[in-house]
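Note: the block below is final_32.txt and it holds compact mmCIF, C-alpha atoms.
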```
# COMPACT_ATOMS: atom_id res chain seq x y z
CA MET A 1 316.23 165.51 24.89
CA HIS A 2 314.66 167.58 27.68
CA HIS A 3 314.46 170.95 25.94
CA ASN A 4 310.64 170.96 25.95
CA LYS A 5 310.34 170.23 29.68
CA ARG A 6 309.68 172.81 32.39
CA PHE A 7 312.45 174.66 34.21
CA ALA A 8 312.90 172.49 37.33
CA THR A 9 313.14 169.34 35.19
CA ARG A 10 315.69 170.95 32.88
CA CYS A 11 317.83 172.01 35.86
CA ILE A 12 318.27 168.34 36.70
CA HIS A 13 318.32 166.65 33.29
CA ALA A 14 319.19 169.05 30.44
CA GLY A 15 322.39 168.33 28.53
CA GLN A 16 323.06 165.08 30.37
CA SER A 17 322.35 161.48 29.57
CA PRO A 18 323.57 158.34 31.36
CA ASP A 19 327.13 157.34 30.44
CA PRO A 20 326.88 155.00 27.40
CA THR A 21 329.62 152.69 28.70
CA THR A 22 328.41 152.00 32.23
CA GLY A 23 325.02 153.66 32.57
CA ALA A 24 326.43 156.00 35.27
CA ILE A 25 323.68 158.56 35.91
CA MET A 26 326.19 161.39 36.52
CA THR A 27 328.28 162.79 33.69
CA PRO A 28 331.84 161.53 34.30
CA VAL A 29 334.74 163.92 34.92
CA TYR A 30 336.67 163.45 31.69
CA GLN A 31 340.04 164.32 33.21
CA SER A 32 342.00 163.95 29.99
CA SER A 33 344.02 166.54 28.08
CA THR A 34 343.94 164.75 24.72
CA TYR A 35 342.08 162.07 22.76
CA VAL A 36 343.34 159.17 20.63
CA GLN A 37 342.77 159.51 16.86
CA GLU A 38 341.93 156.47 14.73
CA SER A 39 344.00 157.84 11.85
CA PRO A 40 345.69 161.25 11.39
CA GLY A 41 342.91 163.85 11.55
CA VAL A 42 340.14 161.25 12.02
CA ILE A 43 338.52 162.16 15.34
CA LYS A 44 335.37 161.21 17.25
CA GLU A 45 332.86 164.10 17.20
CA ASP A 46 335.02 167.19 17.78
CA TYR A 47 337.34 165.68 20.36
CA ASP A 48 340.98 166.24 19.47
CA TYR A 49 342.31 168.36 22.35
CA ALA A 50 340.64 169.16 25.67
CA ARG A 51 341.02 172.94 25.52
CA SER A 52 338.86 172.85 22.41
CA SER A 53 336.28 170.38 23.64
CA ASN A 54 335.62 168.25 26.72
CA PRO A 55 332.57 166.02 27.33
CA THR A 56 332.01 167.21 30.92
CA ARG A 57 332.17 170.82 29.80
CA LYS A 58 329.90 170.12 26.84
CA ALA A 59 327.22 168.64 29.13
CA LEU A 60 327.36 171.73 31.35
CA GLU A 61 327.21 174.09 28.37
CA ALA A 62 324.10 172.31 27.08
CA ASN A 63 322.51 172.36 30.54
CA LEU A 64 323.06 176.09 31.09
CA ALA A 65 321.96 176.96 27.54
CA SER A 66 318.71 175.12 28.21
CA LEU A 67 318.13 177.08 31.43
CA GLU A 68 318.51 180.41 29.59
CA GLY A 69 316.38 179.22 26.67
CA ALA A 70 319.44 179.53 24.41
CA ARG A 71 320.70 177.46 21.49
CA HIS A 72 324.34 177.66 22.60
CA GLY A 73 326.29 177.84 25.87
CA LEU A 74 330.03 178.51 26.19
CA MET A 75 331.91 177.94 29.44
CA PHE A 76 334.87 180.01 30.60
CA ALA A 77 337.24 179.88 33.55
CA SER A 78 335.57 182.89 35.25
CA GLY A 79 332.90 185.52 34.70
CA LEU A 80 335.63 187.97 33.71
CA ALA A 81 336.99 185.51 31.13
CA SER A 82 333.55 185.35 29.54
CA LEU A 83 333.40 189.17 29.48
CA ALA A 84 336.84 189.25 27.81
CA ALA A 85 335.57 186.88 25.09
CA CYS A 86 332.75 189.35 24.36
CA ILE A 87 335.17 192.28 24.13
CA HIS A 88 337.31 190.18 21.77
CA LEU A 89 334.43 190.48 19.31
CA LEU A 90 335.48 194.14 18.97
CA SER A 91 338.32 195.85 17.13
CA SER A 92 340.50 198.79 18.03
CA GLY A 93 338.45 201.98 17.70
CA ASP A 94 335.16 200.31 18.61
CA HIS A 95 333.05 201.75 21.41
CA VAL A 96 331.08 200.17 24.28
CA VAL A 97 328.10 201.67 26.10
CA LEU A 98 328.33 200.46 29.70
CA CYS A 99 325.81 200.77 32.52
CA ASP A 100 327.12 203.11 35.22
CA ASP A 101 326.52 200.88 38.22
CA VAL A 102 328.42 197.76 37.25
CA TYR A 103 330.56 195.06 38.87
CA GLY A 104 333.97 196.60 39.68
CA GLY A 105 335.83 193.90 37.73
CA THR A 106 333.83 194.63 34.56
CA PHE A 107 334.71 198.33 34.83
CA ARG A 108 338.37 197.51 35.54
CA GLN A 109 338.67 195.22 32.50
CA LEU A 110 337.35 197.89 30.13
CA ASP A 111 339.12 200.79 31.84
CA LYS A 112 342.53 199.21 32.47
CA VAL A 113 342.94 196.28 30.06
CA PHE A 114 341.09 196.90 26.81
CA LYS A 115 341.50 200.68 26.81
CA GLN A 116 345.17 200.22 25.89
CA PHE A 117 344.06 198.38 22.71
CA GLY A 118 341.89 201.29 21.62
CA VAL A 119 338.49 199.96 22.73
CA THR A 120 336.64 202.89 24.34
CA TYR A 121 333.57 203.04 26.54
CA THR A 122 330.99 205.50 27.85
CA ARG A 123 329.13 204.93 31.09
CA ALA A 124 325.43 205.75 31.21
CA ASP A 125 322.69 205.66 33.81
CA MET A 126 320.53 203.16 31.98
CA THR A 127 317.48 203.79 34.11
CA ASP A 128 317.40 207.01 32.04
CA LEU A 129 316.71 206.04 28.42
CA ALA A 130 317.54 209.50 27.01
CA ALA A 131 320.93 209.48 28.76
CA THR A 132 321.57 205.99 27.41
CA GLU A 133 320.68 207.06 23.88
CA ALA A 134 323.10 210.00 24.20
CA ALA A 135 325.98 207.65 25.10
CA PHE A 136 325.97 205.92 21.69
CA THR A 137 328.49 206.96 19.05
CA ALA A 138 328.93 205.97 15.40
CA LYS A 139 331.52 203.45 16.65
CA THR A 140 329.32 201.72 19.26
CA LYS A 141 329.41 197.96 18.67
CA LEU A 142 328.50 196.58 22.11
CA VAL A 143 326.14 197.59 24.89
CA TRP A 144 326.84 195.90 28.24
CA ILE A 145 324.35 195.95 31.09
CA GLU A 146 323.71 194.32 34.45
CA THR A 147 320.26 194.18 35.95
CA PRO A 148 319.79 194.23 38.89
CA THR A 149 323.01 196.23 39.05
CA ASN A 150 325.79 195.69 41.57
CA PRO A 151 325.59 197.00 44.32
CA LEU A 152 322.75 199.54 43.96
CA LEU A 153 320.24 197.05 42.52
CA LYS A 154 319.04 199.44 39.82
CA ILE A 155 316.70 197.74 37.33
CA ILE A 156 317.31 198.33 33.63
CA ASP A 157 314.58 197.76 31.05
CA ILE A 158 316.21 195.04 28.94
CA ALA A 159 313.66 195.16 26.10
CA ALA A 160 314.00 198.96 25.77
CA ILE A 161 317.81 198.84 25.65
CA ALA A 162 317.68 195.89 23.21
CA GLN A 163 315.58 197.97 20.81
CA MET A 164 318.02 200.87 21.11
CA ALA A 165 321.05 198.66 20.44
CA LYS A 166 319.40 196.89 17.50
CA ALA A 167 318.46 200.20 15.86
CA ARG A 168 322.16 201.15 15.88
CA GLY A 169 323.56 197.77 14.85
CA ALA A 170 325.20 197.12 18.24
CA LEU A 171 325.17 193.85 20.16
CA LEU A 172 323.50 193.79 23.57
CA GLY A 173 325.19 191.76 26.31
CA VAL A 174 323.38 191.27 29.61
CA ASP A 175 325.16 190.12 32.75
CA ASN A 176 322.37 188.09 34.36
CA THR A 177 324.37 186.98 37.43
CA PHE A 178 322.18 188.61 40.10
CA ALA A 179 318.86 187.51 38.62
CA THR A 180 319.90 183.97 37.58
CA PRO A 181 318.14 182.07 34.75
CA VAL A 182 315.42 181.21 37.28
CA LEU A 183 314.14 184.78 37.55
CA GLN A 184 315.05 186.46 34.25
CA ASN A 185 315.83 185.42 30.66
CA PRO A 186 317.33 188.33 28.72
CA LEU A 187 317.54 186.50 25.36
CA ALA A 188 313.73 186.34 25.34
CA LEU A 189 313.72 190.14 25.88
CA GLY A 190 315.96 190.86 22.89
CA ALA A 191 319.52 190.50 24.24
CA ASP A 192 322.17 188.96 21.95
CA ILE A 193 324.45 187.58 24.67
CA VAL A 194 323.70 186.57 28.25
CA SER A 195 326.57 186.20 30.69
CA HIS A 196 326.78 184.77 34.20
CA SER A 197 329.47 184.54 36.79
CA CYS A 198 328.80 180.87 37.63
CA THR A 199 330.80 181.49 40.80
CA LYS A 200 327.66 183.06 42.28
CA TYR A 201 324.14 181.54 42.25
CA ILE A 202 324.72 178.93 39.54
CA GLY A 203 327.57 177.40 41.58
CA GLY A 204 325.79 178.37 44.77
CA HIS A 205 328.21 176.76 47.24
CA SER A 206 331.16 179.21 47.26
CA ASP A 207 333.57 176.53 46.04
CA VAL A 208 334.12 177.07 42.31
CA ILE A 209 334.92 179.91 39.88
CA GLY A 210 333.39 179.96 36.40
CA GLY A 211 331.72 182.00 33.68
CA VAL A 212 329.26 181.25 30.89
CA LEU A 213 327.92 182.95 27.77
CA MET A 214 324.62 181.99 26.13
CA VAL A 215 323.59 183.00 22.60
CA ASN A 216 321.01 182.04 19.99
CA ASP A 217 322.75 183.30 16.86
CA ASP A 218 324.89 180.61 15.17
CA ASP A 219 327.35 183.07 13.64
CA LEU A 220 327.88 184.82 16.99
CA GLU A 221 328.36 181.43 18.65
CA ALA A 222 331.02 180.50 16.06
CA ARG A 223 332.93 183.74 16.73
CA LEU A 224 332.78 183.27 20.50
CA ARG A 225 333.68 179.58 20.20
CA PHE A 226 336.75 180.58 18.16
CA THR A 227 337.83 182.95 20.95
CA GLN A 228 337.09 180.36 23.65
CA ASN A 229 339.57 178.04 21.94
CA ALA A 230 342.08 180.62 20.64
CA VAL A 231 342.42 182.60 23.89
CA GLY A 232 341.95 179.47 25.99
CA ALA A 233 340.44 180.70 29.26
CA VAL A 234 338.51 177.45 29.74
CA PRO A 235 337.37 175.76 32.97
CA ALA A 236 338.73 172.44 34.22
CA PRO A 237 336.57 169.29 33.86
CA TRP A 238 336.26 169.02 37.64
CA ASP A 239 334.89 172.57 37.91
CA CYS A 240 332.33 171.73 35.21
CA PHE A 241 331.32 168.63 37.17
CA LEU A 242 330.81 170.70 40.33
CA LEU A 243 328.67 173.21 38.41
CA LEU A 244 326.54 170.42 36.92
CA ARG A 245 325.99 169.23 40.48
CA SER A 246 324.92 172.76 41.43
CA THR A 247 322.40 173.39 38.66
CA LYS A 248 320.37 170.42 39.92
CA THR A 249 319.26 172.49 42.93
CA LEU A 250 319.32 175.97 41.37
CA HIS A 251 315.54 176.35 41.25
CA VAL A 252 314.94 175.40 44.90
CA ARG A 253 317.87 177.45 46.16
CA VAL A 254 316.82 180.61 44.33
CA GLU A 255 313.26 180.28 45.62
CA ARG A 256 314.55 180.28 49.21
CA HIS A 257 317.03 183.11 48.54
CA CYS A 258 314.09 185.23 47.31
CA GLN A 259 311.86 184.39 50.30
CA ASN A 260 314.57 185.23 52.84
CA ALA A 261 315.69 188.41 51.05
CA ALA A 262 312.15 189.81 50.84
CA ARG A 263 311.68 189.26 54.60
CA ILE A 264 315.03 190.86 55.44
CA ALA A 265 314.38 193.87 53.20
CA ASP A 266 311.05 194.50 54.95
CA PHE A 267 312.62 194.03 58.39
CA LEU A 268 315.48 196.45 57.63
CA ALA A 269 313.06 199.09 56.35
CA GLU A 270 311.47 199.26 59.82
CA GLN A 271 314.72 199.74 61.75
CA PRO A 272 315.62 203.21 63.06
CA GLN A 273 319.35 202.71 62.33
CA VAL A 274 318.61 202.19 58.62
CA GLU A 275 318.33 205.20 56.33
CA ARG A 276 317.31 203.38 53.14
CA VAL A 277 316.68 199.85 51.89
CA ILE A 278 317.05 198.88 48.23
CA TYR A 279 315.27 195.72 47.10
CA PRO A 280 313.59 195.39 43.67
CA GLY A 281 310.66 193.50 45.21
CA ARG A 282 309.64 196.45 47.40
CA GLU A 283 307.15 198.95 45.99
CA ASP A 284 309.40 201.82 47.16
CA HIS A 285 312.11 200.67 44.71
CA PRO A 286 312.26 203.32 41.94
CA GLN A 287 312.12 200.69 39.16
CA HIS A 288 309.82 198.20 40.91
CA ALA A 289 307.39 198.19 37.96
CA ILE A 290 310.12 197.25 35.45
CA ALA A 291 311.39 194.53 37.78
CA ALA A 292 307.87 193.11 38.08
CA LYS A 293 307.55 193.16 34.27
CA GLN A 294 310.79 191.38 33.38
CA MET A 295 311.55 189.21 36.42
CA SER A 296 309.57 186.35 37.94
CA GLY A 297 311.08 186.98 41.41
CA PHE A 298 313.33 189.61 42.96
CA GLY A 299 316.50 187.78 43.95
CA GLY A 300 318.61 187.29 47.04
CA MET A 301 320.51 190.60 47.12
CA VAL A 302 319.55 193.46 49.44
CA THR A 303 321.41 196.74 49.88
CA ALA A 304 320.93 199.15 52.77
CA THR A 305 322.38 202.49 53.85
CA LEU A 306 323.01 202.77 57.57
CA LYS A 307 322.70 206.08 59.40
CA GLY A 308 326.07 207.18 60.71
CA GLY A 309 328.27 206.34 57.71
CA LEU A 310 331.46 204.31 58.03
CA PRO A 311 331.62 204.03 61.86
CA ALA A 312 328.06 202.65 61.90
CA ALA A 313 328.73 200.27 59.02
CA ARG A 314 331.95 199.05 60.63
CA ALA A 315 330.31 198.43 64.02
CA PHE A 316 327.48 196.54 62.33
CA LEU A 317 329.73 194.44 60.08
CA GLU A 318 332.00 193.45 62.96
CA ARG A 319 329.02 192.21 65.01
CA VAL A 320 327.15 189.90 62.62
CA GLN A 321 327.66 186.19 63.29
CA VAL A 322 325.39 184.15 61.02
CA PHE A 323 326.20 186.51 58.13
CA SER A 324 329.87 186.24 57.20
CA LEU A 325 331.86 189.34 56.25
CA ALA A 326 333.22 188.37 52.82
CA GLU A 327 333.29 189.32 49.15
CA SER A 328 331.25 187.42 46.55
CA LEU A 329 327.61 186.38 46.72
CA GLY A 330 325.07 183.77 45.72
CA GLY A 331 326.18 180.97 48.02
CA VAL A 332 323.91 178.99 50.34
CA GLU A 333 325.45 180.86 53.27
CA SER A 334 324.61 184.50 53.95
CA LEU A 335 327.38 186.99 53.26
CA ILE A 336 327.61 190.69 53.97
CA GLU A 337 330.09 193.24 52.69
CA HIS A 338 331.03 196.91 52.43
CA PRO A 339 331.17 197.85 48.70
CA ALA A 340 333.23 201.06 49.12
CA ILE A 341 336.06 199.22 50.90
CA MET A 342 335.64 195.74 49.41
CA THR A 343 334.03 194.78 46.07
CA HIS A 344 333.93 198.26 44.52
CA ALA A 345 337.27 199.62 45.76
CA SER A 346 338.55 199.43 42.14
CA ILE A 347 336.17 202.29 41.28
CA ASP A 348 337.60 205.73 42.16
CA LYS A 349 336.02 207.39 45.20
CA PRO A 350 334.47 210.40 43.36
CA LEU A 351 332.83 207.99 40.91
CA ARG A 352 331.61 205.77 43.77
CA GLU A 353 330.12 208.76 45.60
CA ALA A 354 328.41 210.00 42.42
CA LEU A 355 326.83 206.58 41.99
CA GLY A 356 325.63 206.48 45.56
CA ILE A 357 328.12 203.90 46.85
CA SER A 358 328.45 205.72 50.15
CA ASP A 359 330.44 204.74 53.23
CA GLY A 360 327.25 203.72 55.04
CA LEU A 361 326.23 201.29 52.29
CA VAL A 362 326.21 197.56 53.07
CA ARG A 363 325.34 194.73 50.67
CA PHE A 364 323.61 191.58 51.88
CA SER A 365 323.83 188.32 49.95
CA VAL A 366 320.98 186.56 51.71
CA GLY A 367 321.53 182.81 51.97
CA ILE A 368 319.16 179.90 52.46
CA GLU A 369 319.47 179.53 56.22
CA ASP A 370 316.44 179.86 58.49
CA GLY A 371 315.02 183.35 57.98
CA GLU A 372 314.32 183.87 61.71
CA ASP A 373 317.97 183.28 62.56
CA LEU A 374 319.11 185.75 59.88
CA ILE A 375 316.76 188.47 61.15
CA ALA A 376 317.84 187.89 64.78
CA ASP A 377 321.49 188.18 63.69
CA ILE A 378 320.84 191.52 61.94
CA ALA A 379 318.82 192.85 64.89
CA GLU A 380 321.63 192.05 67.31
CA ALA A 381 324.28 193.67 65.13
CA LEU A 382 322.16 196.80 64.56
CA ALA A 383 321.95 197.20 68.32
CA ALA A 384 325.73 197.75 68.32
CA ILE A 385 325.43 200.97 66.31
```
Would you write the structure of this file as structure tokens?
Amino acid sequence: MHHNKRFATRCIHAGQSPDPTTGAIMTPVYQSSTYVQESPGVIKEDYDYARSSNPTRKALEANLASLEGARHGLMFASGLASLAACIHLLSSGDHVVLCDDVYGGTFRQLDKVFKQFGVTYTRADMTDLAATEAAFTAKTKLVWIETPTNPLLKIIDIAAIAQMAKARGALLGVDNTFATPVLQNPLALGADIVSHSCTKYIGGHSDVIGGVLMVNDDDLEARLRFTQNAVGAVPAPWDCFLLLRSTKTLHVRVERHCQNAARIADFLAEQPQVERVIYPGREDHPQHAIAAKQMSGFGGMVTATLKGGLPAARAFLERVQVFSLAESLGGVESLIEHPAIMTHASIDKPLREALGISDGLVRFSVGIEDGEDLIADIAEALAAI
């Protein structure tokens, strides 16, 4: 009903209509595992068992699909469950081209779980199109990218990689978690599948775990829907309700995340204790031009390398007070973490070093607090180095 409206309106209304029984404006939490049938096999819509279909989940799926400009949305219990559903599209012997700087859990799932079933992968620096091209084999069926990447915030040209994948008959999946549907819509740039960890910006309040896939192709949707039901890693109705509550403020939250992150990136760049700042919105970012082309804003994530390696990073991280030292990102509160020890510890040290995940690297998930307070907090902690 609201698919032709603008983004902010769709955040609040897409996929939801008042409850037909009572007129309740919020989609109810349908906390039921099964549904009564009028006669054997005669069911209302597609409701026979709640793993297969749930009205709260369906409303959320429609809402998120609308935000990505997609025909279909499929909810999963976590971002990694949605990744697993994509890899279930493959068969033993198939090959994946993976971007080199990628969420540690994505790498772990391919390297430790699906490898034993004969699904292989090659990592490529996708800011280098020739190197990406060289990573394809005759068996490549899926290309998986993140942009901005985690934690080095590299920007990958989605349209260019989409063309490359299409020419070789491979599907392109884009993990759009860092950019959010507010800032970037990969399906419009040629991707086949868009994935989000809803735990991050879509949830936005650090209180729920979830994952979603969005697709336009009906056949692809049917295959993923089969896996969603057959493998069964689905979210609970309550989690779907919480996420529906979150999408209503997604647009205003992301706007503030972007404003605060841009200020913090510029502030950090001027500090003597800081060796390097990485933020796609800064003109000194190596792929700033691509970011400006495919994103409408530059996100809430900032990465910086501190002079003095691990001792400096440790002193700094122990001193922050408004920023909380914790894994994850995308919540209303500012978080800070040390990728080498925390989120990316599942990647072997030589590989981390080669990527540039050094011991002085810290990752900021800039929240929506007052920007002045965040900058004062960073300044005070930098003084401890």
Legend entry - Distance criterion (only C-alpha atoms): nearest to Asp175 of chain A out of A:Gln31, A:Ser296, A:Gln259, A:Thr149: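 Of all the options, A:Thr149 lies closest to Asp175 of chain A.
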Legend entry - Shortest interatomic distance to Tyr103 of chain A - which of A:Leu244, A:Met342, A:Leu189, A:Ala59, counting only C-alpha atoms: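 Answer, going by the shortest atom-to-atom distance: A:Met342.
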Inset, instruction - Please identify all polymer residues within 12 Å of Phe241 of chain A, counting only C-alpha atoms, omitting same-chain residues fewer than 5 positions from it, and present them as a VMD selection string. - result: chain A and resid 16 26 to 31 54 to 61 63 203 208 210 235 to 236 246 to 248
Inset, instruction - Would you kindly return, as a ChimeraX atom specification, each protein, DNA or RNA residue with an atom no farther than 12 Å from any atom of Phe76 of chain A, considering all atoms listed in the file and excluding same-chain residues fewer than 6 positions away? - result: /A:51-53,57-58,60-61,82-86,195-199,209-214,224-225,227-229,231-237,239-240
Inset, instruction - Quick one: pull the distance between atom CA of Glu146 of chain A and atom CA of Ala179 of chain A, Å, one decimal. - result: 9.3 Å
Inset, instruction - For Leu268 of chain A, please output as an MDAnalysis selection string all residues within 10 Å (counting all atoms listed in the file; exclusion window: fewer than 5 positions along the same chain). - result: chainID A and resid 263 273:278 302:306 375 378:379 382
Residues within 12 Å of His288 of chain A, all atoms listed in the file, excluding chain neighbours under 4 positions, as a tab-separated table (two decimals) with C-alpha atoms, in the frame of the given file:
```
chain	number	residue	atom	x	y	z
A	127	THR	CA	317.48	203.79	34.11
A	148	PRO	CA	319.79	194.23	38.89
A	153	LEU	CA	320.24	197.05	42.52
A	154	LYS	CA	319.04	199.44	39.82
A	155	ILE	CA	316.70	197.74	37.33
A	156	ILE	CA	317.31	198.33	33.63
A	157	ASP	CA	314.58	197.76	31.05
A	278	ILE	CA	317.05	198.88	48.23
A	279	TYR	CA	315.27	195.72	47.10
A	280	PRO	CA	313.59	195.39	43.67
A	281	GLY	CA	310.66	193.50	45.21
A	282	ARG	CA	309.64	196.45	47.40
A	283	GLU	CA	307.15	198.95	45.99
A	284	ASP	CA	309.40	201.82	47.16
A	292	ALA	CA	307.87	193.11	38.08
A	293	LYS	CA	307.55	193.16	34.27
A	294	GLN	CA	310.79	191.38	33.38
A	295	MET	CA	311.55	189.21	36.42
A	297	GLY	CA	311.08	186.98	41.41
A	298	PHE	CA	313.33	189.61	42.96
```
Inset, instruction - Measuring atom to atom with only C-alpha atoms, identify which of A:Gly330, A:Ala77, A:Leu89, A:Phe7 is nearest to Thr177 of chain A. - result: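 The closest residue to Thr177 of chain A is A:Gly330.
Proximity of A:Val182, A:Ala159, A:Leu220, A:Ala134 to Leu74 of chain A, computed with all atoms listed in the file, is greatest for A:Leu220.
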Legend entry - Residue among A:Leu172, A:Leu374, A:Ala131, A:Leu90 lying closest to Arg223 of chain A, counting only C-alpha atoms: A:Leu90
Inset, instruction - Write out as a list in words the residues lying within 12 Å of Arg253 of chain A, counting all atoms listed in the file and excluding same-chain residues fewer than 5 positions away. - result: Ala8, Cys11, Thr180, Val182, Leu183, Lys200, Tyr201, Ile202, Gly203, Gly204, His205, Ser246, Thr247, Lys248, Cys258, Gln259, Asn260, Gly299, Gly300, Gly330, Gly331, Val332, Glu333, Val366, Gly367, Ile368 and Glu369 of chain A
Write a file of the just-selected residues containing C-alpha atoms, as a PDB file, in the frame of the given file.
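The new file result15.pdb reads:
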```
ATOM      1  CA  ALA A   8     312.900 172.490  37.330  1.00  0.00           C
ATOM      2  CA  CYS A  11     317.830 172.010  35.860  1.00  0.00           C
ATOM      3  CA  THR A 180     319.900 183.970  37.580  1.00  0.00           C
ATOM      4  CA  VAL A 182     315.420 181.210  37.280  1.00  0.00           C
ATOM      5  CA  LEU A 183     314.140 184.780  37.550  1.00  0.00           C
ATOM      6  CA  LYS A 200     327.660 183.060  42.280  1.00  0.00           C
ATOM      7  CA  TYR A 201     324.140 181.540  42.250  1.00  0.00           C
ATOM      8  CA  ILE A 202     324.720 178.930  39.540  1.00  0.00           C
ATOM      9  CA  GLY A 203     327.570 177.400  41.580  1.00  0.00           C
ATOM     10  CA  GLY A 204     325.790 178.370  44.770  1.00  0.00           C
ATOM     11  CA  HIS A 205     328.210 176.760  47.240  1.00  0.00           C
ATOM     12  CA  SER A 246     324.920 172.760  41.430  1.00  0.00           C
ATOM     13  CA  THR A 247     322.400 173.390  38.660  1.00  0.00           C
ATOM     14  CA  LYS A 248     320.370 170.420  39.920  1.00  0.00           C
ATOM     15  CA  CYS A 258     314.090 185.230  47.310  1.00  0.00           C
ATOM     16  CA  GLN A 259     311.860 184.390  50.300  1.00  0.00           C
ATOM     17  CA  ASN A 260     314.570 185.230  52.840  1.00  0.00           C
ATOM     18  CA  GLY A 299     316.500 187.780  43.950  1.00  0.00           C
ATOM     19  CA  GLY A 300     318.610 187.290  47.040  1.00  0.00           C
ATOM     20  CA  GLY A 330     325.070 183.770  45.720  1.00  0.00           C
ATOM     21  CA  GLY A 331     326.180 180.970  48.020  1.00  0.00           C
ATOM     22  CA  VAL A 332     323.910 178.990  50.340  1.00  0.00           C
ATOM     23  CA  GLU A 333     325.450 180.860  53.270  1.00  0.00           C
ATOM     24  CA  VAL A 366     320.980 186.560  51.710  1.00  0.00           C
ATOM     25  CA  GLY A 367     321.530 182.810  51.970  1.00  0.00           C
ATOM     26  CA  ILE A 368     319.160 179.900  52.460  1.00  0.00           C
ATOM     27  CA  GLU A 369     319.470 179.530  56.220  1.00  0.00           C
TER      28      GLU A 369
END
```
Rebuild N, CA, C and O atoms on segment 238-249 of chain A, as a JSON list (two decimals), keeping the file's coordinate frame?
```
[["chain", "number", "residue", "atom", "x", "y", "z"],
["A", 238, "TRP", "N", 336.77, 169.17, 36.28],
["A", 238, "TRP", "CA", 336.26, 169.02, 37.64],
["A", 238, "TRP", "C", 335.33, 170.18, 38.01],
["A", 238, "TRP", "O", 334.27, 169.98, 38.63],
["A", 239, "ASP", "N", 335.72, 171.41, 37.64],
["A", 239, "ASP", "CA", 334.89, 172.57, 37.91],
["A", 239, "ASP", "C", 333.54, 172.45, 37.19],
["A", 239, "ASP", "O", 332.49, 172.80, 37.74],
["A", 240, "CYS", "N", 333.58, 171.92, 35.97],
["A", 240, "CYS", "CA", 332.33, 171.73, 35.21],
["A", 240, "CYS", "C", 331.44, 170.69, 35.90],
["A", 240, "CYS", "O", 330.23, 170.85, 35.97],
["A", 241, "PHE", "N", 332.06, 169.66, 36.43],
["A", 241, "PHE", "CA", 331.32, 168.63, 37.17],
["A", 241, "PHE", "C", 330.64, 169.24, 38.40],
["A", 241, "PHE", "O", 329.46, 168.97, 38.67],
["A", 242, "LEU", "N", 331.38, 170.06, 39.14],
["A", 242, "LEU", "CA", 330.81, 170.70, 40.33],
["A", 242, "LEU", "C", 329.63, 171.60, 39.95],
["A", 242, "LEU", "O", 328.61, 171.63, 40.65],
["A", 243, "LEU", "N", 329.76, 172.32, 38.84],
["A", 243, "LEU", "CA", 328.67, 173.21, 38.41],
["A", 243, "LEU", "C", 327.45, 172.42, 37.95],
["A", 243, "LEU", "O", 326.31, 172.84, 38.20],
["A", 244, "LEU", "N", 327.67, 171.27, 37.31],
["A", 244, "LEU", "CA", 326.54, 170.42, 36.92],
["A", 244, "LEU", "C", 325.80, 169.92, 38.17],
["A", 244, "LEU", "O", 324.58, 169.77, 38.19],
["A", 245, "ARG", "N", 326.57, 169.66, 39.21],
["A", 245, "ARG", "CA", 325.99, 169.23, 40.48],
["A", 245, "ARG", "C", 325.14, 170.35, 41.07],
["A", 245, "ARG", "O", 324.10, 170.12, 41.67],
["A", 246, "SER", "N", 325.60, 171.59, 40.87],
["A", 246, "SER", "CA", 324.92, 172.76, 41.43],
["A", 246, "SER", "C", 323.62, 173.09, 40.71],
["A", 246, "SER", "O", 322.64, 173.49, 41.35],
["A", 247, "THR", "N", 323.61, 172.97, 39.38],
["A", 247, "THR", "CA", 322.40, 173.39, 38.66],
["A", 247, "THR", "C", 321.21, 172.51, 39.04],
["A", 247, "THR", "O", 320.06, 172.93, 38.89],
["A", 248, "LYS", "N", 321.48, 171.33, 39.55],
["A", 248, "LYS", "CA", 320.37, 170.42, 39.92],
["A", 248, "LYS", "C", 319.50, 170.98, 41.04],
["A", 248, "LYS", "O", 318.35, 170.57, 41.21],
["A", 249, "THR", "N", 320.05, 171.90, 41.83],
["A", 249, "THR", "CA", 319.26, 172.49, 42.93],
["A", 249, "THR", "C", 319.03, 173.99, 42.74],
["A", 249, "THR", "O", 318.53, 174.65, 43.65]]
```
